[in-house]
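Containing CSV, C-alpha atoms: target-v9.csv.
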chain,number,residue,atom,x,y,z
A,1,MET,CA,-0.5,167.9,143.0
A,2,MET,CA,2.0,170.1,141.2
A,3,MET,CA,3.1,167.1,139.1
A,4,LYS,CA,-0.4,166.2,138.2
A,5,SER,CA,-1.1,169.8,137.3
A,6,PHE,CA,2.0,170.0,135.1
A,7,PHE,CA,1.1,166.9,133.2
A,8,ALA,CA,-2.6,167.9,132.8
A,9,VAL,CA,-1.7,171.2,131.3
A,10,ALA,CA,1.0,169.6,129.1
A,11,LEU,CA,-1.5,166.9,127.9
A,12,ALA,CA,-4.2,169.5,127.2
A,13,LEU,CA,-1.7,171.6,125.2
A,14,SER,CA,-0.7,168.5,123.2
A,15,VAL,CA,-4.3,167.6,122.4
A,16,VAL,CA,-5.1,171.2,121.4
A,17,SER,CA,-2.2,171.2,119.0
A,18,SER,CA,-3.4,167.9,117.5
A,19,GLY,CA,-0.2,166.3,118.5
A,20,ARG,CA,0.3,162.6,119.1
A,21,VAL,CA,1.2,161.6,122.7
A,22,VAL,CA,3.0,158.3,123.1
A,23,ALA,CA,4.3,156.7,126.2
A,24,GLU,CA,7.8,155.3,126.0
A,25,ALA,CA,6.7,151.7,126.0
A,26,GLY,CA,4.6,152.1,122.9
A,27,THR,CA,6.9,154.1,120.7
A,28,THR,CA,7.5,153.6,117.0
A,29,GLY,CA,9.3,155.4,114.2
A,30,ILE,CA,10.2,159.0,115.1
A,31,GLU,CA,9.5,158.4,118.8
A,32,GLN,CA,12.1,155.6,118.9
A,33,LYS,CA,14.6,157.7,117.0
A,34,ILE,CA,14.3,160.6,119.3
A,35,LEU,CA,14.5,158.4,122.4
A,36,GLU,CA,17.7,156.9,121.0
A,37,LEU,CA,19.1,160.4,120.3
A,38,GLU,CA,18.3,161.2,124.0
A,39,ARG,CA,20.3,158.1,125.1
A,40,GLN,CA,23.2,159.2,122.9
A,41,ARG,CA,23.0,162.8,124.3
A,42,ILE,CA,23.1,161.6,127.9
A,43,ALA,CA,25.9,159.2,127.2
A,44,ALA,CA,27.9,162.0,125.5
A,45,MET,CA,27.3,164.2,128.6
A,46,VAL,CA,28.6,161.4,130.9
A,47,LYS,CA,31.6,160.6,128.7
A,48,LYS,CA,32.3,164.3,127.8
A,49,ASP,CA,32.0,163.3,124.1
A,50,ILE,CA,32.0,166.8,122.7
A,51,ALA,CA,31.8,165.7,119.0
A,52,THR,CA,28.5,163.8,119.7
A,53,LEU,CA,27.1,166.8,121.6
A,54,ASP,CA,28.1,169.1,118.9
A,55,ALA,CA,26.3,167.0,116.3
A,56,LEU,CA,23.1,166.6,118.4
A,57,LEU,CA,22.6,170.1,119.7
A,58,ALA,CA,21.2,172.9,117.5
A,59,GLU,CA,23.2,176.1,117.1
A,60,ASP,CA,20.3,178.0,118.7
A,61,MET,CA,19.8,175.6,121.6
A,62,SER,CA,18.6,176.9,125.0
A,63,TYR,CA,19.4,174.6,128.0
A,64,THR,CA,17.8,175.7,131.2
A,65,HIS,CA,19.1,173.8,134.2
A,66,SER,CA,16.9,172.9,137.2
A,67,GLY,CA,18.7,175.6,139.2
A,68,GLY,CA,17.6,178.3,136.9
A,69,THR,CA,20.7,179.0,134.9
A,70,THR,CA,20.5,178.9,131.1
A,71,ASP,CA,23.2,177.8,128.6
A,72,THR,CA,23.6,178.2,124.9
A,73,LYS,CA,25.0,175.4,122.8
A,74,ALA,CA,28.5,176.9,123.1
A,75,SER,CA,28.3,177.5,126.9
A,76,PHE,CA,26.8,174.1,127.5
A,77,ILE,CA,29.5,172.3,125.6
A,78,ARG,CA,32.1,174.3,127.4
A,79,LEU,CA,30.5,173.4,130.7
A,80,ILE,CA,30.5,169.7,129.9
A,81,LYS,CA,34.1,169.8,128.6
A,82,GLU,CA,35.6,171.8,131.5
A,83,ARG,CA,33.4,170.9,134.5
A,84,GLY,CA,31.1,168.0,133.4
A,85,ARG,CA,30.0,166.1,136.4
A,86,TYR,CA,27.2,164.0,135.0
A,87,LEU,CA,27.1,160.3,136.0
A,88,GLY,CA,23.7,159.8,134.4
A,89,VAL,CA,20.2,160.9,133.7
A,90,ASP,CA,17.5,158.3,134.2
A,91,TYR,CA,14.1,159.0,132.7
A,92,SER,CA,10.7,157.8,134.0
A,93,ASN,CA,7.1,158.7,133.1
A,94,THR,CA,8.4,159.6,129.7
A,95,GLN,CA,6.0,160.9,127.0
A,96,VAL,CA,6.9,161.6,123.4
A,97,ILE,CA,4.7,164.1,121.6
A,98,THR,CA,4.8,164.7,117.8
A,99,PRO,CA,2.9,167.9,117.1
A,100,GLY,CA,4.2,167.8,113.5
A,101,ALA,CA,6.5,166.0,111.2
A,102,THR,CA,9.5,168.1,112.1
A,103,THR,CA,9.1,168.7,115.8
A,104,VAL,CA,9.1,166.3,118.8
A,105,ILE,CA,8.7,167.0,122.4
A,106,VAL,CA,9.9,164.7,125.1
A,107,ARG,CA,8.7,165.2,128.7
A,108,GLY,CA,8.7,163.3,132.0
A,109,ILE,CA,10.7,163.0,135.1
A,110,ALA,CA,14.5,162.6,135.1
A,111,GLN,CA,16.7,161.5,138.0
A,112,ILE,CA,19.9,163.6,137.7
A,113,ARG,CA,23.0,162.0,138.9
A,114,LEU,CA,26.1,164.2,139.4
A,115,GLU,CA,29.5,163.6,140.9
A,116,ASN,CA,29.6,164.5,144.6
A,117,THR,CA,25.9,165.5,144.7
A,118,PRO,CA,22.9,163.4,145.9
A,119,ALA,CA,20.7,162.4,142.9
A,120,TYR,CA,17.6,164.5,142.5
A,121,PRO,CA,14.5,164.5,140.4
A,122,VAL,CA,13.4,167.1,137.9
A,123,ILE,CA,10.4,167.5,135.6
A,124,PHE,CA,11.6,168.2,132.2
A,125,VAL,CA,10.6,169.2,128.7
A,126,ASP,CA,13.0,168.6,125.8
A,127,VAL,CA,12.3,169.8,122.2
A,128,TRP,CA,13.9,168.3,119.0
A,129,VAL,CA,13.5,169.6,115.5
A,130,LEU,CA,14.4,168.1,112.1
A,131,ARG,CA,16.7,170.5,110.2
A,132,ASP,CA,18.5,169.7,107.0
A,133,GLY,CA,17.7,166.0,107.4
A,134,ALA,CA,19.1,165.7,111.0
A,135,TRP,CA,17.3,165.8,114.3
A,136,LYS,CA,18.7,168.6,116.6
A,137,MET,CA,17.8,169.3,120.2
A,138,VAL,CA,16.7,173.0,120.5
A,139,ALA,CA,15.6,173.2,124.1
A,140,TRP,CA,15.8,171.6,127.5
A,141,GLN,CA,13.9,173.0,130.5
A,142,ALA,CA,14.1,171.3,133.9
A,143,THR,CA,12.4,172.1,137.2
A,144,ARG,CA,13.7,170.4,140.4
A,145,VAL,CA,10.9,168.8,142.4
A,146,GLN,CA,10.7,167.1,145.8
A,147,SER,CA,11.2,163.4,145.7
A,148,ALA,CA,7.7,162.8,146.9
A,149,LEU,CA,6.2,164.7,144.0
A,150,ALA,CA,8.3,162.8,141.5
A,151,ALA,CA,6.8,159.5,142.8
A,152,GLN,CA,3.2,160.7,142.0
What would the structure in this file look like if it were written as structure tokens?
Amino acid sequence: MMMKSFFAVALALSVVSSGRVVAEAGTTGIEQKILELERQRIAAMVKKDIATLDALLAEDMSYTHSGGTTDTKASFIRLIKERGRYLGVDYSNTQVITPGATTVIVRGIAQIRLENTPAYPVIFVDVWVLRDGAWKMVAWQATRVQSALAAQ
């Protein structure tokens, strides 16, 4: 129920803002570009590729983890460099929303895989903006959910 409510509210907001909602399977153009940048970001987190993360993350980025802690770009990069434990992040039920030419929202469910920790699902919202000709991730917000809710 919580999952359905989350997506209903998010969908309503995207319609109100005249944004375009695209499921991952039907993406084109900007949507494909952003999903490719997402894959690059996740690979960089797993490989501790600091240069790629530095290029993809906006200086004013806010990264709120499913446990409630929030990182800036600098603290997130430091976290990955010093204590990075990511094995992967697997998306499902992904939607890409383009409310304007310079902003893209990605939302869905992500299965977080960390070293020495059982995998767990989160509902996420990720925001990208086009700045000086380059797409930058400005926000990530994740909320941990029960596995049964993620399957809905």
Can you list, as a list in words, every protein, DNA or RNA residue that comes within 7 Å of A:Ile105 when you count only C-alpha atoms, leaving out same-chain residues fewer than 3 positions away?
Val96, Ile97, Thr98, Val125, Asp126, Val127 and Trp128 of chain A
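Nearest-residue note for A:Ala58: choosing from A:Ile123, A:Leu87, A:Ala74, A:Ile42, the minimum distance belongs to A:Ala74, counting only C-alpha atoms.
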Using only C-alpha atoms, which residues sit within 6 Å of A:Pro121 once same-chain residues fewer than 2 positions away are excluded, as a PyMOL selection string?
chain A and resi 110-111+144-145
In Å and to one decimal, atom CA of A:Ile80 is distant from atom CA of A:Ile109 by 21.5 Å
Taking into account only C-alpha atoms, which residue in the set A:Gly67, A:Arg113, A:Ile34, A:Ala134 is nearest to A:Val89?
A:Arg113
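As for atom CA of A:Thr143 and atom CA of A:Asp60, they are spaced 21.0 Å apart.
You can rank A:Arg39, A:Arg83, A:Lys136, A:Arg78 by their closest distance to A:Leu56 using only C-alpha atoms, and at the top of that list sits A:Lys136.
The nearest approach to A:Asp71 among the residues A:Glu38, A:Pro99, A:Gln141, A:Gln146, with only C-alpha atoms taken into account, belongs to A:Gln141.
Proximity to A:Leu130 was assessed for A:Ala43, A:Leu79, A:Ile30, A:Leu53 counting all atoms listed in the file; the smallest distance is recorded for A:Ile30.
Considering only C-alpha atoms, the residue among A:Gly68, A:Glu82, A:Ala101, A:Tyr63 positioned nearest to A:Gly133 is A:Ala101.
The space between atom CA of A:Thr103 and atom CA of A:His65 spans 21.6 Å.
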Taking (18.3, 178.6, 123.5) in the file's coordinates, which residues come within 7 Å, counting all atoms listed in the file, written as a list in words?
Asp60, Met61, Ser62, Tyr63, Thr72, Val138 and Ala139 of chain A
